[in-house]
>>> print(open('data-v5.cif').read())   # mmCIF, C-alpha atoms, pLDDT in the B column; chains and numbers go by the auth columns
data_start
loop_
_atom_site.group_PDB
_atom_site.id
_atom_site.type_symbol
_atom_site.label_atom_id
_atom_site.label_comp_id
_atom_site.label_asym_id
_atom_site.label_seq_id
_atom_site.Cartn_x
_atom_site.Cartn_y
_atom_site.Cartn_z
_atom_site.B_iso_or_equiv
_atom_site.auth_seq_id
_atom_site.auth_asym_id
ATOM 1 C CA MET A 1 54.433 44.357 -56.449 92.00 30 A
ATOM 2 C CA HIS A 2 54.257 40.966 -54.805 94.00 31 A
ATOM 3 C CA ILE A 3 57.021 38.337 -55.099 97.00 32 A
ATOM 4 C CA ARG A 4 56.016 34.738 -54.552 97.00 33 A
ATOM 5 C CA PRO A 5 57.201 31.210 -55.341 97.00 34 A
ATOM 6 C CA TYR A 6 56.436 29.754 -58.768 96.00 35 A
ATOM 7 C CA THR A 7 53.607 27.304 -59.273 95.00 36 A
ATOM 8 C CA PRO A 8 53.243 25.084 -62.377 93.00 37 A
ATOM 9 C CA SER A 9 50.232 27.159 -63.432 93.00 38 A
ATOM 10 C CA ASP A 10 52.687 30.055 -64.045 95.00 39 A
ATOM 11 C CA ALA A 11 54.579 28.224 -66.820 95.00 40 A
ATOM 12 C CA VAL A 12 52.581 29.543 -69.762 95.00 41 A
ATOM 13 C CA ALA A 13 52.743 33.151 -68.548 95.00 42 A
ATOM 14 C CA ILE A 14 56.497 32.824 -67.889 97.00 43 A
ATOM 15 C CA ALA A 15 57.134 31.444 -71.375 97.00 44 A
ATOM 16 C CA GLN A 16 55.163 34.301 -72.904 96.00 45 A
ATOM 17 C CA LEU A 17 56.922 36.927 -70.764 96.00 46 A
ATOM 18 C CA PHE A 18 60.325 35.499 -71.764 96.00 47 A
ATOM 19 C CA THR A 19 59.365 35.631 -75.442 96.00 48 A
ATOM 20 C CA ASP A 20 58.023 39.186 -75.138 96.00 49 A
ATOM 21 C CA ALA A 21 61.150 40.300 -73.266 95.00 50 A
ATOM 22 C CA VAL A 22 63.553 38.846 -75.829 95.00 51 A
ATOM 23 C CA HIS A 23 61.674 40.327 -78.781 95.00 52 A
ATOM 24 C CA GLY A 24 61.026 43.655 -77.055 93.00 53 A
ATOM 25 C CA LEU A 25 63.903 44.446 -74.721 92.00 54 A
ATOM 26 C CA ALA A 26 66.703 42.711 -76.649 92.00 55 A
ATOM 27 C CA ALA A 27 65.919 44.296 -80.032 90.00 56 A
ATOM 28 C CA SER A 28 68.675 46.879 -79.636 91.00 57 A
ATOM 29 C CA HIS A 29 71.320 44.185 -79.017 94.00 58 A
ATOM 30 C CA TYR A 30 70.273 41.187 -81.125 94.00 59 A
ATOM 31 C CA ASP A 31 68.866 41.141 -84.659 94.00 60 A
ATOM 32 C CA ALA A 32 65.526 39.569 -85.642 95.00 61 A
ATOM 33 C CA VAL A 33 67.103 36.239 -86.658 95.00 62 A
ATOM 34 C CA GLN A 34 68.956 35.976 -83.340 95.00 63 A
ATOM 35 C CA ARG A 35 65.856 36.867 -81.320 95.00 64 A
ATOM 36 C CA GLU A 36 63.709 34.326 -83.160 95.00 65 A
ATOM 37 C CA ALA A 37 66.352 31.628 -82.566 95.00 66 A
ATOM 38 C CA TRP A 38 66.571 32.556 -78.876 94.00 67 A
ATOM 39 C CA ALA A 39 62.821 32.854 -78.315 96.00 68 A
ATOM 40 C CA PRO A 40 60.742 31.218 -81.072 95.00 69 A
ATOM 41 C CA ARG A 41 57.191 32.436 -81.537 94.00 70 A
ATOM 42 C CA PRO A 42 54.922 30.998 -80.415 93.00 71 A
ATOM 43 C CA PRO A 43 56.704 29.514 -77.380 94.00 72 A
ATOM 44 C CA ASP A 44 56.727 25.738 -76.930 94.00 73 A
ATOM 45 C CA PHE A 45 54.839 25.577 -73.631 94.00 74 A
ATOM 46 C CA ASP A 46 55.583 21.894 -72.994 92.00 75 A
ATOM 47 C CA GLN A 47 59.301 22.565 -73.439 93.00 76 A
ATOM 48 C CA TRP A 48 59.032 25.496 -71.041 94.00 77 A
ATOM 49 C CA LYS A 49 57.305 23.425 -68.368 94.00 78 A
ATOM 50 C CA ALA A 50 60.158 20.900 -68.538 94.00 79 A
ATOM 51 C CA ARG A 51 62.783 23.697 -68.530 94.00 80 A
ATOM 52 C CA LEU A 52 61.331 25.288 -65.395 96.00 81 A
ATOM 53 C CA GLU A 53 60.749 22.098 -63.405 95.00 82 A
ATOM 54 C CA PRO A 54 64.253 21.662 -61.907 96.00 83 A
ATOM 55 C CA LEU A 55 64.683 25.351 -61.000 97.00 84 A
ATOM 56 C CA GLN A 56 63.854 27.401 -57.939 98.00 85 A
ATOM 57 C CA ILE A 57 61.668 30.197 -59.337 98.00 86 A
ATOM 58 C CA LEU A 58 60.277 33.409 -57.938 98.00 87 A
ATOM 59 C CA VAL A 59 57.712 35.483 -59.799 98.00 88 A
ATOM 60 C CA ALA A 60 56.826 39.141 -59.399 97.00 89 A
ATOM 61 C CA GLN A 61 53.264 40.138 -60.019 95.00 90 A
ATOM 62 C CA GLU A 62 50.976 43.071 -59.550 91.00 91 A
ATOM 63 C CA GLU A 63 47.258 43.016 -58.954 81.00 92 A
ATOM 64 C CA ARG A 64 45.366 45.194 -61.417 75.00 93 A
ATOM 65 C CA LYS A 65 41.740 46.109 -60.858 76.00 94 A
ATOM 66 C CA GLY A 66 39.562 44.263 -63.317 74.00 95 A
ATOM 67 C CA GLU A 67 42.557 42.446 -64.841 71.00 96 A
ATOM 68 C CA GLY A 68 43.699 40.153 -62.038 74.00 97 A
ATOM 69 C CA ALA A 69 47.370 39.383 -61.485 80.00 98 A
ATOM 70 C CA LEU A 70 49.838 40.708 -64.067 88.00 99 A
ATOM 71 C CA LEU A 71 53.222 38.943 -64.300 94.00 100 A
ATOM 72 C CA LEU A 72 56.021 41.529 -64.107 96.00 101 A
ATOM 73 C CA GLY A 73 59.061 39.251 -64.102 97.00 102 A
ATOM 74 C CA PHE A 74 60.693 36.075 -62.859 98.00 103 A
ATOM 75 C CA VAL A 75 64.012 34.660 -61.726 98.00 104 A
ATOM 76 C CA GLY A 76 65.004 31.011 -62.000 98.00 105 A
ATOM 77 C CA TYR A 77 68.036 29.687 -60.147 98.00 106 A
ATOM 78 C CA GLU A 78 69.700 26.484 -59.043 98.00 107 A
ATOM 79 C CA THR A 79 70.791 25.774 -55.469 97.00 108 A
ATOM 80 C CA ASN A 80 74.439 25.631 -56.619 97.00 109 A
ATOM 81 C CA GLY A 81 74.358 29.416 -57.223 98.00 110 A
ATOM 82 C CA HIS A 82 73.528 29.413 -60.942 98.00 111 A
ATOM 83 C CA ILE A 83 71.190 32.249 -61.927 98.00 112 A
ATOM 84 C CA ASP A 84 69.659 30.631 -64.989 97.00 113 A
ATOM 85 C CA LEU A 85 66.842 32.993 -65.947 97.00 114 A
ATOM 86 C CA LEU A 86 66.048 36.598 -65.006 98.00 115 A
ATOM 87 C CA PHE A 87 63.534 38.423 -67.177 96.00 116 A
ATOM 88 C CA THR A 88 61.058 41.258 -66.812 96.00 117 A
ATOM 89 C CA SER A 89 58.075 42.208 -68.891 93.00 118 A
ATOM 90 C CA PRO A 90 58.783 45.013 -71.356 90.00 119 A
ATOM 91 C CA ALA A 91 55.951 46.904 -69.610 85.00 120 A
ATOM 92 C CA ALA A 92 57.847 46.667 -66.294 83.00 121 A
ATOM 93 C CA ALA A 93 61.395 47.291 -67.550 83.00 122 A
ATOM 94 C CA ARG A 94 63.624 49.571 -65.487 85.00 123 A
ATOM 95 C CA GLN A 95 61.192 49.714 -62.574 86.00 124 A
ATOM 96 C CA GLY A 96 63.243 47.696 -60.081 91.00 125 A
ATOM 97 C CA VAL A 97 61.546 44.354 -60.748 96.00 126 A
ATOM 98 C CA ALA A 98 64.738 42.508 -61.733 96.00 127 A
ATOM 99 C CA SER A 99 66.648 44.014 -58.801 97.00 128 A
ATOM 100 C CA GLN A 100 64.044 42.849 -56.297 97.00 129 A
ATOM 101 C CA LEU A 101 63.781 39.379 -57.832 98.00 130 A
ATOM 102 C CA TYR A 102 67.556 38.996 -57.956 98.00 131 A
ATOM 103 C CA GLY A 103 67.890 40.231 -54.367 97.00 132 A
ATOM 104 C CA ARG A 104 65.444 37.595 -53.128 98.00 133 A
ATOM 105 C CA ALA A 105 67.252 34.850 -55.045 98.00 134 A
ATOM 106 C CA GLU A 106 70.653 35.927 -53.699 98.00 135 A
ATOM 107 C CA THR A 107 69.296 36.039 -50.147 97.00 136 A
ATOM 108 C CA ALA A 108 67.908 32.511 -50.531 97.00 137 A
ATOM 109 C CA LEU A 109 71.203 31.247 -51.942 98.00 138 A
ATOM 110 C CA SER A 110 73.195 32.908 -49.151 97.00 139 A
ATOM 111 C CA ALA A 111 70.914 31.227 -46.587 96.00 140 A
ATOM 112 C CA LEU A 112 71.787 27.888 -48.211 96.00 141 A
ATOM 113 C CA GLY A 113 75.497 28.626 -47.711 96.00 142 A
ATOM 114 C CA VAL A 114 76.248 29.279 -51.369 97.00 143 A
ATOM 115 C CA GLN A 115 79.476 31.251 -51.640 97.00 144 A
ATOM 116 C CA ARG A 116 79.530 31.965 -55.383 98.00 145 A
ATOM 117 C CA CYS A 117 76.787 32.891 -57.819 98.00 146 A
ATOM 118 C CA PHE A 118 77.262 32.599 -61.553 98.00 147 A
ATOM 119 C CA THR A 119 75.294 33.312 -64.702 98.00 148 A
ATOM 120 C CA GLU A 120 75.491 33.619 -68.453 98.00 149 A
ATOM 121 C CA ALA A 121 74.416 37.187 -69.119 97.00 150 A
ATOM 122 C CA SER A 122 73.131 38.450 -72.436 96.00 151 A
ATOM 123 C CA LEU A 123 74.322 41.682 -73.991 95.00 152 A
ATOM 124 C CA VAL A 124 71.194 43.236 -72.474 93.00 153 A
ATOM 125 C CA SER A 125 71.682 41.943 -68.916 96.00 154 A
ATOM 126 C CA ARG A 126 75.451 42.301 -68.569 97.00 155 A
ATOM 127 C CA LEU A 127 75.252 45.804 -67.057 96.00 156 A
ATOM 128 C CA PHE A 128 72.522 44.719 -64.643 97.00 157 A
ATOM 129 C CA PHE A 129 74.705 41.899 -63.315 98.00 158 A
ATOM 130 C CA GLU A 130 77.738 44.184 -63.102 98.00 159 A
ATOM 131 C CA ARG A 131 75.651 46.531 -60.920 97.00 160 A
ATOM 132 C CA GLN A 132 74.901 43.536 -58.670 97.00 161 A
ATOM 133 C CA GLY A 133 78.645 42.958 -58.187 97.00 162 A
ATOM 134 C CA TYR A 134 79.313 40.346 -60.873 98.00 163 A
ATOM 135 C CA GLY A 135 82.489 40.292 -62.930 98.00 164 A
ATOM 136 C CA VAL A 136 82.911 38.953 -66.444 98.00 165 A
ATOM 137 C CA GLN A 137 84.926 35.734 -66.561 97.00 166 A
ATOM 138 C CA GLU A 138 84.745 35.297 -70.322 97.00 167 A
ATOM 139 C CA GLU A 139 82.829 36.346 -73.393 97.00 168 A
ATOM 140 C CA GLN A 140 81.065 33.449 -75.087 97.00 169 A
ATOM 141 C CA CYS A 141 79.387 32.825 -78.407 95.00 170 A
ATOM 142 C CA VAL A 142 76.648 30.178 -78.342 93.00 171 A
ATOM 143 C CA GLU A 143 74.585 28.707 -81.149 92.00 172 A
ATOM 144 C CA ARG A 144 70.797 28.591 -80.901 92.00 173 A
ATOM 145 C CA ARG A 145 68.801 27.155 -83.813 91.00 174 A
ATOM 146 C CA GLY A 146 71.519 28.125 -86.274 90.00 175 A
ATOM 147 C CA ALA A 147 72.092 31.670 -84.973 92.00 176 A
ATOM 148 C CA LEU A 148 75.124 32.828 -82.992 94.00 177 A
ATOM 149 C CA LEU A 149 74.490 34.812 -79.797 95.00 178 A
ATOM 150 C CA ARG A 150 77.069 36.680 -77.701 96.00 179 A
ATOM 151 C CA ARG A 151 76.866 36.377 -73.921 97.00 180 A
ATOM 152 C CA PHE A 152 79.107 36.651 -70.863 98.00 181 A
ATOM 153 C CA ALA A 153 79.986 34.101 -68.208 98.00 182 A
ATOM 154 C CA MET A 154 79.893 36.119 -64.976 98.00 183 A
ATOM 155 C CA THR A 155 80.463 35.355 -61.286 98.00 184 A
ATOM 156 C CA LYS A 156 79.979 36.985 -57.903 98.00 185 A
ATOM 157 C CA MET A 157 81.312 35.916 -54.528 97.00 186 A
ATOM 158 C CA LEU A 158 78.792 36.040 -51.667 95.00 187 A
ATOM 159 C CA GLY A 159 79.242 36.630 -47.955 78.00 188 A
ATOM 160 C CA SER A 160 82.717 36.284 -46.525 56.00 189 A
ATOM 161 C CA GLY A 161 84.058 35.257 -49.942 46.00 190 A
ATOM 162 C CA VAL A 162 83.778 38.830 -51.244 43.00 191 A
#
>>> encode(input="data-v5.cif", output="C-alpha cells")
Amino acid sequence: MHIRPYTPSDAVAIAQLFTDAVHGLAASHYDAVQREAWAPRPPDFDQWKARLEPLQILVAQEERKGEGALLLGFVGYETNGHIDLLFTSPAAARQGVASQLYGRAETALSALGVQRCFTEASLVSRLFFERQGYGVQEEQCVERRGALLRRFAMTKMLGSGV
C-alpha cells in the first residue's frame, strides 16, 4: 500500500469509493433510505470536486498487475484539526488502511501545532475513532436530503494536551 497526496484527477475515484463505502460498509447501521440520502447514486462528481478542494487529502492505493492503481481509501482533513472524511473501499475494509491514513493525517496536524482533533463520526466509524483515542462529546442527528442520520461529535487532544 502506498499513501500519497491527493491530486484533482483522484476526485472521481474518491467520490465512487465514498459511495461504495456508504452503501456497502454502512448497510448494517443505516437503512437504504438513509444511505441513499447520504451517498446518492450516481455521485455528483462536480459537487465532489468542489467538496474536496479546500481539504488536505491523502489517498491510499495499491498497484495491481494488469489493473494499475487501485484506490483503497482516503482521509480528508482541515488544518484546524477537523477530520472531515475517512473512508475505505469495502474491498479493503479492516485491513489497516484507515488506521494508516488517519495516522498520517494526525502526524501532519501535530507537525502544524494542532492540539485538538475533532470529527463527526458515523455509527460505523465511532469505534474506530474511539480506538484512536477520541471521546464522544455529543450524539447528533443530522438531516440529509430528507433522511435523519445519527452521528457523534468526537474530539481528541494531541501532544502535551493529552
>>> resolve_selection(input="data-v5.cif", expression="the PyMOL selection byres ((chain A and resi 62) around 12)", output="number ranges by chain")
A: 51-52, 55-56, 58-61, 63-70, 172-178
>>> residues_near_point(input="data-v5.cif", point="(82.2, 33.1, -69.2)", cutoff="8 Å", atoms="all atoms listed in the file", output="list in words")
Glu149, Val165, Gln166, Glu167, Glu168, Gln169, Arg180, Phe181, Ala182 and Met183 of chain A
>>> closest_residue(input="data-v5.cif", among="A:Ala44, A:Gln161, A:Leu54, A:Trp77", to="Ala121 (chain A)", atoms="all atoms listed in the file")
A:Leu54
>>> atom_distance(input="data-v5.cif", atom1="CA of Ala79 (chain A)", atom2="CA of Ala122 (chain A)")
26.4 Å
>>> atom_distance(input="data-v5.cif", atom1="CA of Gly132 (chain A)", atom2="CA of Asp39 (chain A)")
20.7 Å
>>> closest_residue(input="data-v5.cif", among="A:Pro119, A:Pro34, A:Gly105, A:Gly142", to="Thr48 (chain A)", atoms="all atoms listed in the file")
A:Pro119
>>> atom_distance(input="data-v5.cif", atom1="CA of Phe116 (chain A)", atom2="CA of Phe103 (chain A)")
5.7 Å
>>> closest_residue(input="data-v5.cif", among="A:Leu81, A:Arg160, A:Arg93, A:Leu187", to="Leu114 (chain A)", atoms="all atoms listed in the file")
A:Leu81
>>> resolve_selection(input="data-v5.cif", expression="the PyMOL selection byres ((chain A and resi 127) around 9)", output="PyMOL selection string")
chain A and resi 89+102-104+115-117+122-126+128-132+157
>>> residues_around(input="data-v5.cif", residues="Val41 (chain A)", least_positions_apart="4", cutoff="8 Å", atoms="all atoms listed in the file", output="list in words")
Gln45, Phe74, Trp77 and Lys78 of chain A
>>> resolve_selection(input="data-v5.cif", expression="the PyMOL selection byres ((chain A and resi 36) around 10)", output="PDB file with C-alpha atoms, in the frame of the given file")
ATOM      1  CA  ARG A  33      56.016  34.738 -54.552  1.00 97.00           C
ATOM      2  CA  PRO A  34      57.201  31.210 -55.341  1.00 97.00           C
ATOM      3  CA  TYR A  35      56.436  29.754 -58.768  1.00 96.00           C
ATOM      4  CA  PRO A  37      53.243  25.084 -62.377  1.00 93.00           C
ATOM      5  CA  SER A  38      50.232  27.159 -63.432  1.00 93.00           C
ATOM      6  CA  ASP A  39      52.687  30.055 -64.045  1.00 95.00           C
ATOM      7  CA  ALA A  40      54.579  28.224 -66.820  1.00 95.00           C
ATOM      8  CA  GLU A  82      60.749  22.098 -63.405  1.00 95.00           C
ATOM      9  CA  ILE A  86      61.668  30.197 -59.337  1.00 98.00           C
ATOM     10  CA  LEU A  87      60.277  33.409 -57.938  1.00 98.00           C
ATOM     11  CA  VAL A  88      57.712  35.483 -59.799  1.00 98.00           C
TER      12      VAL A  88
END
>>> closest_residue(input="data-v5.cif", among="A:Val171, A:Gln90, A:Arg179, A:Glu107", to="Arg145 (chain A)", atoms="only C-alpha atoms")
A:Glu107
>>> residues_around(input="data-v5.cif", residues="Ser139 (chain A)", least_positions_apart="4", cutoff="10 Å", atoms="only C-alpha atoms", output="VMD selection string")
chain A and resid 108 110 133 to 135 143 to 146 187 to 188
>>> residues_near_point(input="data-v5.cif", point="(72.9, 30.6, -66.6)", cutoff="7 Å", atoms="all atoms listed in the file", output="number ranges by chain")
A: 111-114, 147-149
>>> axis_aligned_box(input="data-v5.cif", around="region 163-182 of chain A", padding_each_side="3 Å", output="AutoDock Vina command-line options")
--center_x 76.9 --center_y 33.8 --center_z -73.6 --size_x 22.1 --size_y 19.2 --size_z 31.4
>>> closest_residue(input="data-v5.cif", among="A:Leu101, A:Leu156, A:Ala150, A:Leu46", to="Cys170 (chain A)", atoms="only C-alpha atoms")
A:Ala150
>>> decode(input="data-v5.cif", residues="region 90-103 of chain A", atoms="all heavy atoms", output="CSV table (one decimal), in the first residue's frame")
chain,number,residue,atom,x,y,z
A,90,GLN,N,-3.4,3.7,-2.0
A,90,GLN,CA,-3.6,2.9,-3.2
A,90,GLN,C,-2.7,1.8,-3.3
A,90,GLN,O,-1.7,1.7,-2.5
A,90,GLN,CB,-3.5,3.8,-4.5
A,90,GLN,CG,-2.0,4.3,-4.7
A,90,GLN,CD,-2.0,5.2,-6.0
A,90,GLN,OE1,-2.9,5.9,-6.2
A,90,GLN,NE2,-0.9,5.0,-6.7
A,91,GLU,N,-3.0,0.8,-4.1
A,91,GLU,CA,-2.2,-0.4,-4.3
A,91,GLU,C,-2.1,-0.7,-5.8
A,91,GLU,O,-3.1,-0.5,-6.5
A,91,GLU,CB,-2.9,-1.6,-3.6
A,91,GLU,CG,-2.2,-2.9,-3.6
A,91,GLU,CD,-2.9,-3.9,-2.9
A,91,GLU,OE1,-2.7,-4.0,-1.7
A,91,GLU,OE2,-3.8,-4.6,-3.4
A,92,GLU,N,-0.9,-1.0,-6.2
A,92,GLU,CA,-0.7,-1.3,-7.6
A,92,GLU,C,-1.0,-2.8,-7.8
A,92,GLU,O,-0.6,-3.6,-7.0
A,92,GLU,CB,0.8,-1.1,-8.0
A,92,GLU,CG,1.2,0.4,-8.0
A,92,GLU,CD,0.5,1.2,-9.0
A,92,GLU,OE1,0.2,0.7,-10.1
A,92,GLU,OE2,0.2,2.4,-8.8
A,93,ARG,N,-1.9,-3.0,-8.8
A,93,ARG,CA,-2.3,-4.4,-9.1
A,93,ARG,C,-1.8,-4.7,-10.6
A,93,ARG,O,-2.1,-3.9,-11.5
A,93,ARG,CB,-3.8,-4.5,-9.0
A,93,ARG,CG,-4.3,-4.3,-7.7
A,93,ARG,CD,-4.8,-5.5,-7.0
A,93,ARG,NE,-5.2,-5.4,-5.6
A,93,ARG,CZ,-6.4,-5.5,-5.2
A,93,ARG,NH1,-7.4,-5.9,-5.9
A,93,ARG,NH2,-6.6,-5.4,-3.9
A,94,LYS,N,-1.1,-5.8,-10.7
A,94,LYS,CA,-0.7,-6.2,-12.1
A,94,LYS,C,-1.8,-6.2,-13.0
A,94,LYS,O,-2.8,-6.8,-12.8
A,94,LYS,CB,0.0,-7.5,-12.0
A,94,LYS,CG,1.4,-7.5,-11.3
A,94,LYS,CD,2.1,-8.8,-11.3
A,94,LYS,CE,3.4,-8.7,-10.5
A,94,LYS,NZ,4.1,-10.0,-10.5
A,95,GLY,N,-1.6,-5.5,-14.1
A,95,GLY,CA,-2.6,-5.5,-15.2
A,95,GLY,C,-3.8,-4.6,-14.9
A,95,GLY,O,-4.7,-4.4,-15.8
A,96,GLU,N,-4.0,-4.1,-13.7
A,96,GLU,CA,-5.1,-3.3,-13.4
A,96,GLU,C,-4.7,-1.8,-13.1
A,96,GLU,O,-5.6,-0.9,-13.0
A,96,GLU,CB,-5.8,-3.8,-12.1
A,96,GLU,CG,-6.4,-5.2,-12.3
A,96,GLU,CD,-7.1,-5.7,-11.0
A,96,GLU,OE1,-7.8,-4.9,-10.3
A,96,GLU,OE2,-7.0,-6.9,-10.7
A,97,GLY,N,-3.4,-1.6,-12.8
A,97,GLY,CA,-3.0,-0.2,-12.5
A,97,GLY,C,-3.2,0.0,-11.0
A,97,GLY,O,-3.3,-0.9,-10.2
A,98,ALA,N,-3.4,1.3,-10.6
A,98,ALA,CA,-3.5,1.7,-9.2
A,98,ALA,C,-5.0,1.5,-8.8
A,98,ALA,O,-5.9,1.9,-9.4
A,98,ALA,CB,-3.1,3.1,-9.0
A,99,LEU,N,-5.2,0.8,-7.6
A,99,LEU,CA,-6.5,0.6,-7.1
A,99,LEU,C,-6.6,1.5,-5.8
A,99,LEU,O,-5.8,1.4,-4.9
A,99,LEU,CB,-6.7,-0.9,-6.7
A,99,LEU,CG,-8.0,-1.2,-6.0
A,99,LEU,CD1,-9.2,-1.0,-6.9
A,99,LEU,CD2,-7.9,-2.7,-5.5
A,100,LEU,N,-7.6,2.4,-5.7
A,100,LEU,CA,-7.8,3.2,-4.6
A,100,LEU,C,-8.4,2.4,-3.4
A,100,LEU,O,-9.4,1.7,-3.6
A,100,LEU,CB,-8.8,4.3,-4.9
A,100,LEU,CG,-9.0,5.4,-3.8
A,100,LEU,CD1,-7.7,6.2,-3.5
A,100,LEU,CD2,-10.1,6.4,-4.3
A,101,LEU,N,-7.7,2.4,-2.3
A,101,LEU,CA,-8.1,1.6,-1.1
A,101,LEU,C,-8.8,2.5,-0.1
A,101,LEU,O,-9.6,2.0,0.7
A,101,LEU,CB,-6.9,1.0,-0.4
A,101,LEU,CG,-6.0,0.1,-1.3
A,101,LEU,CD1,-4.8,-0.4,-0.5
A,101,LEU,CD2,-6.8,-1.1,-1.8
A,102,GLY,N,-8.5,3.8,0.0
A,102,GLY,CA,-9.1,4.6,0.9
A,102,GLY,C,-8.6,6.1,0.8
A,102,GLY,O,-7.7,6.3,0.1
A,103,PHE,N,-9.2,7.0,1.6
A,103,PHE,CA,-8.8,8.3,1.7
A,103,PHE,C,-9.1,9.0,3.0
A,103,PHE,O,-10.1,8.6,3.6
A,103,PHE,CB,-9.3,9.1,0.5
A,103,PHE,CG,-10.8,9.4,0.6
A,103,PHE,CD1,-11.3,10.6,1.0
A,103,PHE,CD2,-11.7,8.4,0.2
A,103,PHE,CE1,-12.6,10.9,1.1
A,103,PHE,CE2,-13.1,8.7,0.2
A,103,PHE,CZ,-13.5,9.9,0.7
